[in-house]
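Asker: A single structure is presented below for examination.
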Amino acid sequence: MLVVGIDIGSRAAKAVSMKNDKILASTIRDTGSDSIKTSYILLKDVLRDTGHTLSDVQYTVATGYGRVLVPFANENISEISCHAKGINWYFPSVRTILDMGGQDCKAINCDDKGQVTNFVMNDKCAGGTGRFLEMIGDVLNVPLEKIGEVSLQSRQLIPFNTICAVFAKSEAIVQLRKGVAKSDILAGLHDAIANRSYNLMKRISIEKDFSISGGISKNKGMVHKIIEKVRMEPLLCEDPQLAGAIGAAIFAREHFTGGKRKAMKIHYGYSDGSGDYFITIDNELCNGCGQCETACPAKILEIGKTEDGNTRAMVSEVSRKRVSYLCPGFTGCSKANEINCHSVCEKNAISHSW
Amino acid sequence: MKAIGLDIGSLNTKIVVMENGVISFSSIAATGEDTESVPRGMLADVLKHDNPDTGKKAWIITTGIGSKSVNIDGQQKSINTCLARGINYLFPSARMVIDIGAESSTVVKLNERGRVRDTANQDKCASGTGLFLQQMSKIIEMPLVEMANISEIEKTKVDITSTCAVFAESEVISYVHRDPPIPKSDIVVGIYASVISRIMAMCKRLGIEKEVAISGGVGLNKGLVRVLGKELGFDVLVPEQPQLVAALGAAILAKELIEKETA
């Protein structure tokens, strides 16, 4: 059985293809600005050398910050569940997970089946996230992959009494001008972040065994500092950044009930500060009759070929990034126009999120 | 005798000198990297005409985040005390002062004699500080001076949902590149709203009391002050040189010490 797990993170997008409990292929790319496009590229990546095509994939689960934007996913599952599941697949004995991502940090408790029992997260503040390290790497002119190693060369760390990324940046610049070694500055910052992560972990119960996932866990300097604070040796999987995608693939395997692969619900649109703006087209129901194309007063719907070769309705490419301006939403449109995409669609395949 | 107030902030150092009950001198300079040389130099400038032989000529009170790291012959007072005294001198009717500095924001409630009643302070995070505004002004490519002229929404209300300055940065960038473009002035008002929401949270914690005055460098931003006034429902008192309020308060405290000594 071939399943795919896709994890669209805030900074990096990850995908894994799995067949009968074995990882076939995996990939990591930058999320970029267009997550829909990125998710197709990821899919091609993980199928390329396997001799399979999209139609062989029996079930796909998407997770991560951009999970609703994966057009071909059968299901969306939160990244917290997926990380716990993924780590559990490697190490069933793990009960505490620290997930250090690009824009947030989570501490998770799970049971022997990889079910989440408790979690806390910080997604309000950049302190202690990948973004923080990225900024500091920029200021100190050390590539992100190297900052961990450099921090380990420190002889005397510079204590940082702030965790705010903006303040830490100015403090780091001051220290740099004073002539303090980059390694000492980095060691101080790693210490501050490790401390913050440890404080997050203290809010759940820290039980044996312990594991770290997410991109930051590839940073040896950070892992070293966290061991210092937590006083527990973490179990690290091969590529801890992939844990979420692997978890998603395992969910896909568990949730697949057999039968023919169902077509996807595709979400077109975005969410911003003012709300969610998605037009969803259920490709299982849509038959590509084209009635909506003529009915839509804003002319944003069109008929085209989907990735798997079927003729289906879709939101035209030029409109996707401005749907909230072009389309007044279903309530607004149905009041103003008797004929709209909802009223003409016999299969009820179209829905609006606003 | 000179009563000197020295406010060593994270960005600027401010000095106010009072002689015979009136302000005789004031100046502002960038604190610099070592927090030591600039404040010392400013102090030396003020004292250079005094004859060192005639005994103690000046009382010095230091305040601000840098006062702990500078070794100056004088007393240290908390920023809250100084703000309360300073604003009471300028606006005797003020019962609340909002201080927005470069790297911190403080709200102080005071009584009619300029004594502190309650305080709320935020210096852990860049949101709701001057640095946040500066960072945002860079991103929308509009100098702070120009930003200060804006206080009205033109078209769309812009909501910045992130508290963190780093995350808000990406949010603002996405607004800048929105198609159709959102007027920059609307983004600016959104940025103000973000700062003000943090300040208002502190004000509400203490209980808002009329009249409210503003101090600190951000007080120079007329647009933000106007939006803040709208949020409060009444106009905010703005000193001519809002940055100097804490230093002025320190000078007043020094003056009080002199009076105690001579009495």
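Chain labels run A, B, ... following the order of the structure tokens; each chain numbers its residues from 1, and ligands are numbered from 1 in the order shown.
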Select all residues from chain A having any atom no more than 8 Å from an atom of chain B (counting only C-alpha atoms, ignoring ligands), output as a list in words.
Answerer: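 In the required form, that comes to Lys124, Cys125, Ala126, Thr162, Ile163, Cys164, Ala165, Val166, Phe167, Val174, Gly273, Ser274, Lys321 and Arg322 of chain A.
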Asker: Check range 43-186 of chain A with DSSP on the backbone and list each residue it calls strand (DSSP E or B), as a PyMOL selection string.
Answerer: chain A and resi 59-63+75-76+96-100+105-110+116-122
Asker: Let me see the file: selected residues, N, CA and C atoms, as a PDB file, in the first residue's frame.
Answerer:
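result19.pdb was written with the following content:
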ATOM      1  N   TYR A  59      -3.615   6.945  -0.208  1.00  0.00           N
ATOM      2  CA  TYR A  59      -4.130   7.878   0.791  1.00  0.00           C
ATOM      3  C   TYR A  59      -3.036   8.904   1.096  1.00  0.00           C
ATOM      4  N   THR A  60      -3.438  10.166   1.260  1.00  0.00           N
ATOM      5  CA  THR A  60      -2.476  11.210   1.565  1.00  0.00           C
ATOM      6  C   THR A  60      -2.966  12.014   2.769  1.00  0.00           C
ATOM      7  N   VAL A  61      -2.078  12.243   3.713  1.00  0.00           N
ATOM      8  CA  VAL A  61      -2.427  13.081   4.860  1.00  0.00           C
ATOM      9  C   VAL A  61      -1.503  14.295   4.848  1.00  0.00           C
ATOM     10  N   ALA A  62      -2.096  15.483   5.015  1.00  0.00           N
ATOM     11  CA  ALA A  62      -1.298  16.695   5.066  1.00  0.00           C
ATOM     12  C   ALA A  62      -1.295  17.225   6.495  1.00  0.00           C
ATOM     13  N   THR A  63      -0.173  17.782   6.894  1.00  0.00           N
ATOM     14  CA  THR A  63      -0.077  18.355   8.229  1.00  0.00           C
ATOM     15  C   THR A  63       0.760  19.629   8.158  1.00  0.00           C
ATOM     16  N   GLU A  75      -6.904  14.113   3.908  1.00  0.00           N
ATOM     17  CA  GLU A  75      -7.222  14.466   5.275  1.00  0.00           C
ATOM     18  C   GLU A  75      -6.165  15.442   5.799  1.00  0.00           C
ATOM     19  N   ASN A  76      -6.586  16.317   6.717  1.00  0.00           N
ATOM     20  CA  ASN A  76      -5.645  17.200   7.395  1.00  0.00           C
ATOM     21  C   ASN A  76      -5.578  16.802   8.861  1.00  0.00           C
ATOM     22  N   THR A  96       8.083  11.997  25.896  1.00  0.00           N
ATOM     23  CA  THR A  96       8.182  13.462  25.855  1.00  0.00           C
ATOM     24  C   THR A  96       8.889  13.884  24.581  1.00  0.00           C
ATOM     25  N   ILE A  97       8.253  14.798  23.829  1.00  0.00           N
ATOM     26  CA  ILE A  97       8.851  15.270  22.582  1.00  0.00           C
ATOM     27  C   ILE A  97       8.953  16.780  22.617  1.00  0.00           C
ATOM     28  N   LEU A  98      10.100  17.270  22.218  1.00  0.00           N
ATOM     29  CA  LEU A  98      10.254  18.705  22.038  1.00  0.00           C
ATOM     30  C   LEU A  98      10.355  18.948  20.534  1.00  0.00           C
ATOM     31  N   ASP A  99       9.389  19.661  19.983  1.00  0.00           N
ATOM     32  CA  ASP A  99       9.409  19.929  18.541  1.00  0.00           C
ATOM     33  C   ASP A  99       9.818  21.373  18.324  1.00  0.00           C
ATOM     34  N   MET A 100      10.990  21.578  17.741  1.00  0.00           N
ATOM     35  CA  MET A 100      11.485  22.933  17.536  1.00  0.00           C
ATOM     36  C   MET A 100      11.423  23.269  16.059  1.00  0.00           C
ATOM     37  N   CYS A 105       7.428  26.429  18.728  1.00  0.00           N
ATOM     38  CA  CYS A 105       8.106  25.417  19.530  1.00  0.00           C
ATOM     39  C   CYS A 105       7.040  24.744  20.379  1.00  0.00           C
ATOM     40  N   LYS A 106       7.078  23.395  20.410  1.00  0.00           N
ATOM     41  CA  LYS A 106       6.034  22.678  21.149  1.00  0.00           C
ATOM     42  C   LYS A 106       6.659  21.616  22.036  1.00  0.00           C
ATOM     43  N   ALA A 107       6.048  21.393  23.180  1.00  0.00           N
ATOM     44  CA  ALA A 107       6.431  20.276  24.032  1.00  0.00           C
ATOM     45  C   ALA A 107       5.224  19.353  24.087  1.00  0.00           C
ATOM     46  N   ILE A 108       5.457  18.073  23.805  1.00  0.00           N
ATOM     47  CA  ILE A 108       4.354  17.117  23.643  1.00  0.00           C
ATOM     48  C   ILE A 108       4.582  15.899  24.536  1.00  0.00           C
ATOM     49  N   ASN A 109       3.539  15.438  25.190  1.00  0.00           N
ATOM     50  CA  ASN A 109       3.534  14.148  25.870  1.00  0.00           C
ATOM     51  C   ASN A 109       2.728  13.177  25.031  1.00  0.00           C
ATOM     52  N   CYS A 110       3.201  11.932  24.912  1.00  0.00           N
ATOM     53  CA  CYS A 110       2.394  10.954  24.192  1.00  0.00           C
ATOM     54  C   CYS A 110       2.463   9.602  24.879  1.00  0.00           C
ATOM     55  N   VAL A 116      -1.280  11.726  21.471  1.00  0.00           N
ATOM     56  CA  VAL A 116      -0.909  12.892  22.272  1.00  0.00           C
ATOM     57  C   VAL A 116      -1.734  12.909  23.562  1.00  0.00           C
ATOM     58  N   THR A 117      -1.056  13.027  24.702  1.00  0.00           N
ATOM     59  CA  THR A 117      -1.797  13.113  25.963  1.00  0.00           C
ATOM     60  C   THR A 117      -1.796  14.531  26.518  1.00  0.00           C
ATOM     61  N   ASN A 118      -0.811  15.326  26.142  1.00  0.00           N
ATOM     62  CA  ASN A 118      -0.742  16.707  26.623  1.00  0.00           C
ATOM     63  C   ASN A 118       0.240  17.468  25.735  1.00  0.00           C
ATOM     64  N   PHE A 119       0.018  18.766  25.588  1.00  0.00           N
ATOM     65  CA  PHE A 119       1.022  19.557  24.875  1.00  0.00           C
ATOM     66  C   PHE A 119       0.913  21.021  25.260  1.00  0.00           C
ATOM     67  N   VAL A 120       2.034  21.731  25.116  1.00  0.00           N
ATOM     68  CA  VAL A 120       2.017  23.193  25.227  1.00  0.00           C
ATOM     69  C   VAL A 120       2.799  23.731  24.039  1.00  0.00           C
ATOM     70  N   MET A 121       2.436  24.915  23.582  1.00  0.00           N
ATOM     71  CA  MET A 121       3.198  25.466  22.468  1.00  0.00           C
ATOM     72  C   MET A 121       3.407  26.955  22.602  1.00  0.00           C
ATOM     73  N   ASN A 122       4.487  27.417  21.991  1.00  0.00           N
ATOM     74  CA  ASN A 122       4.720  28.847  21.881  1.00  0.00           C
ATOM     75  C   ASN A 122       4.726  29.195  20.408  1.00  0.00           C
TER      76      ASN A 122
END
Asker: Which polymer residues have any atom within 8 Å of an atom of Val227 in chain B, counting only C-alpha atoms, with same-chain residues fewer than 3 positions away left out, as a PyMOL selection string?
Answerer: chain B and resi 151+189+192-193+223-224+230-231
Asker: Measure the distance from CA of Ile300 in chain A to CA of Cys333 in chain A in Å and round it to one decimal.
Answerer: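 Taking CA of Ile300 in chain A and CA of Cys333 in chain A, their separation equals 13.0 Å.
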Asker: Rounded to one decimal, what separation in Å do you get between CA of Cys341 in chain A and CA of Asp34 in chain A?
Answerer: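 Straight-line distance from CA of Cys341 in chain A to CA of Asp34 in chain A works out to 25.6 Å.
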Asker: Could you give me, as JSON, numbers by chain, the residues within 8 Å of range 247-263 of chain B, counting only C-alpha atoms and dropping anything in the same chain fewer than 6 positions from it?
Answerer: {"B": [1, 2, 3, 4, 5, 6, 7, 14, 15, 16, 17, 18, 21, 59, 60, 61, 62, 63, 77, 81, 82, 83, 84, 85, 86, 87, 89]}
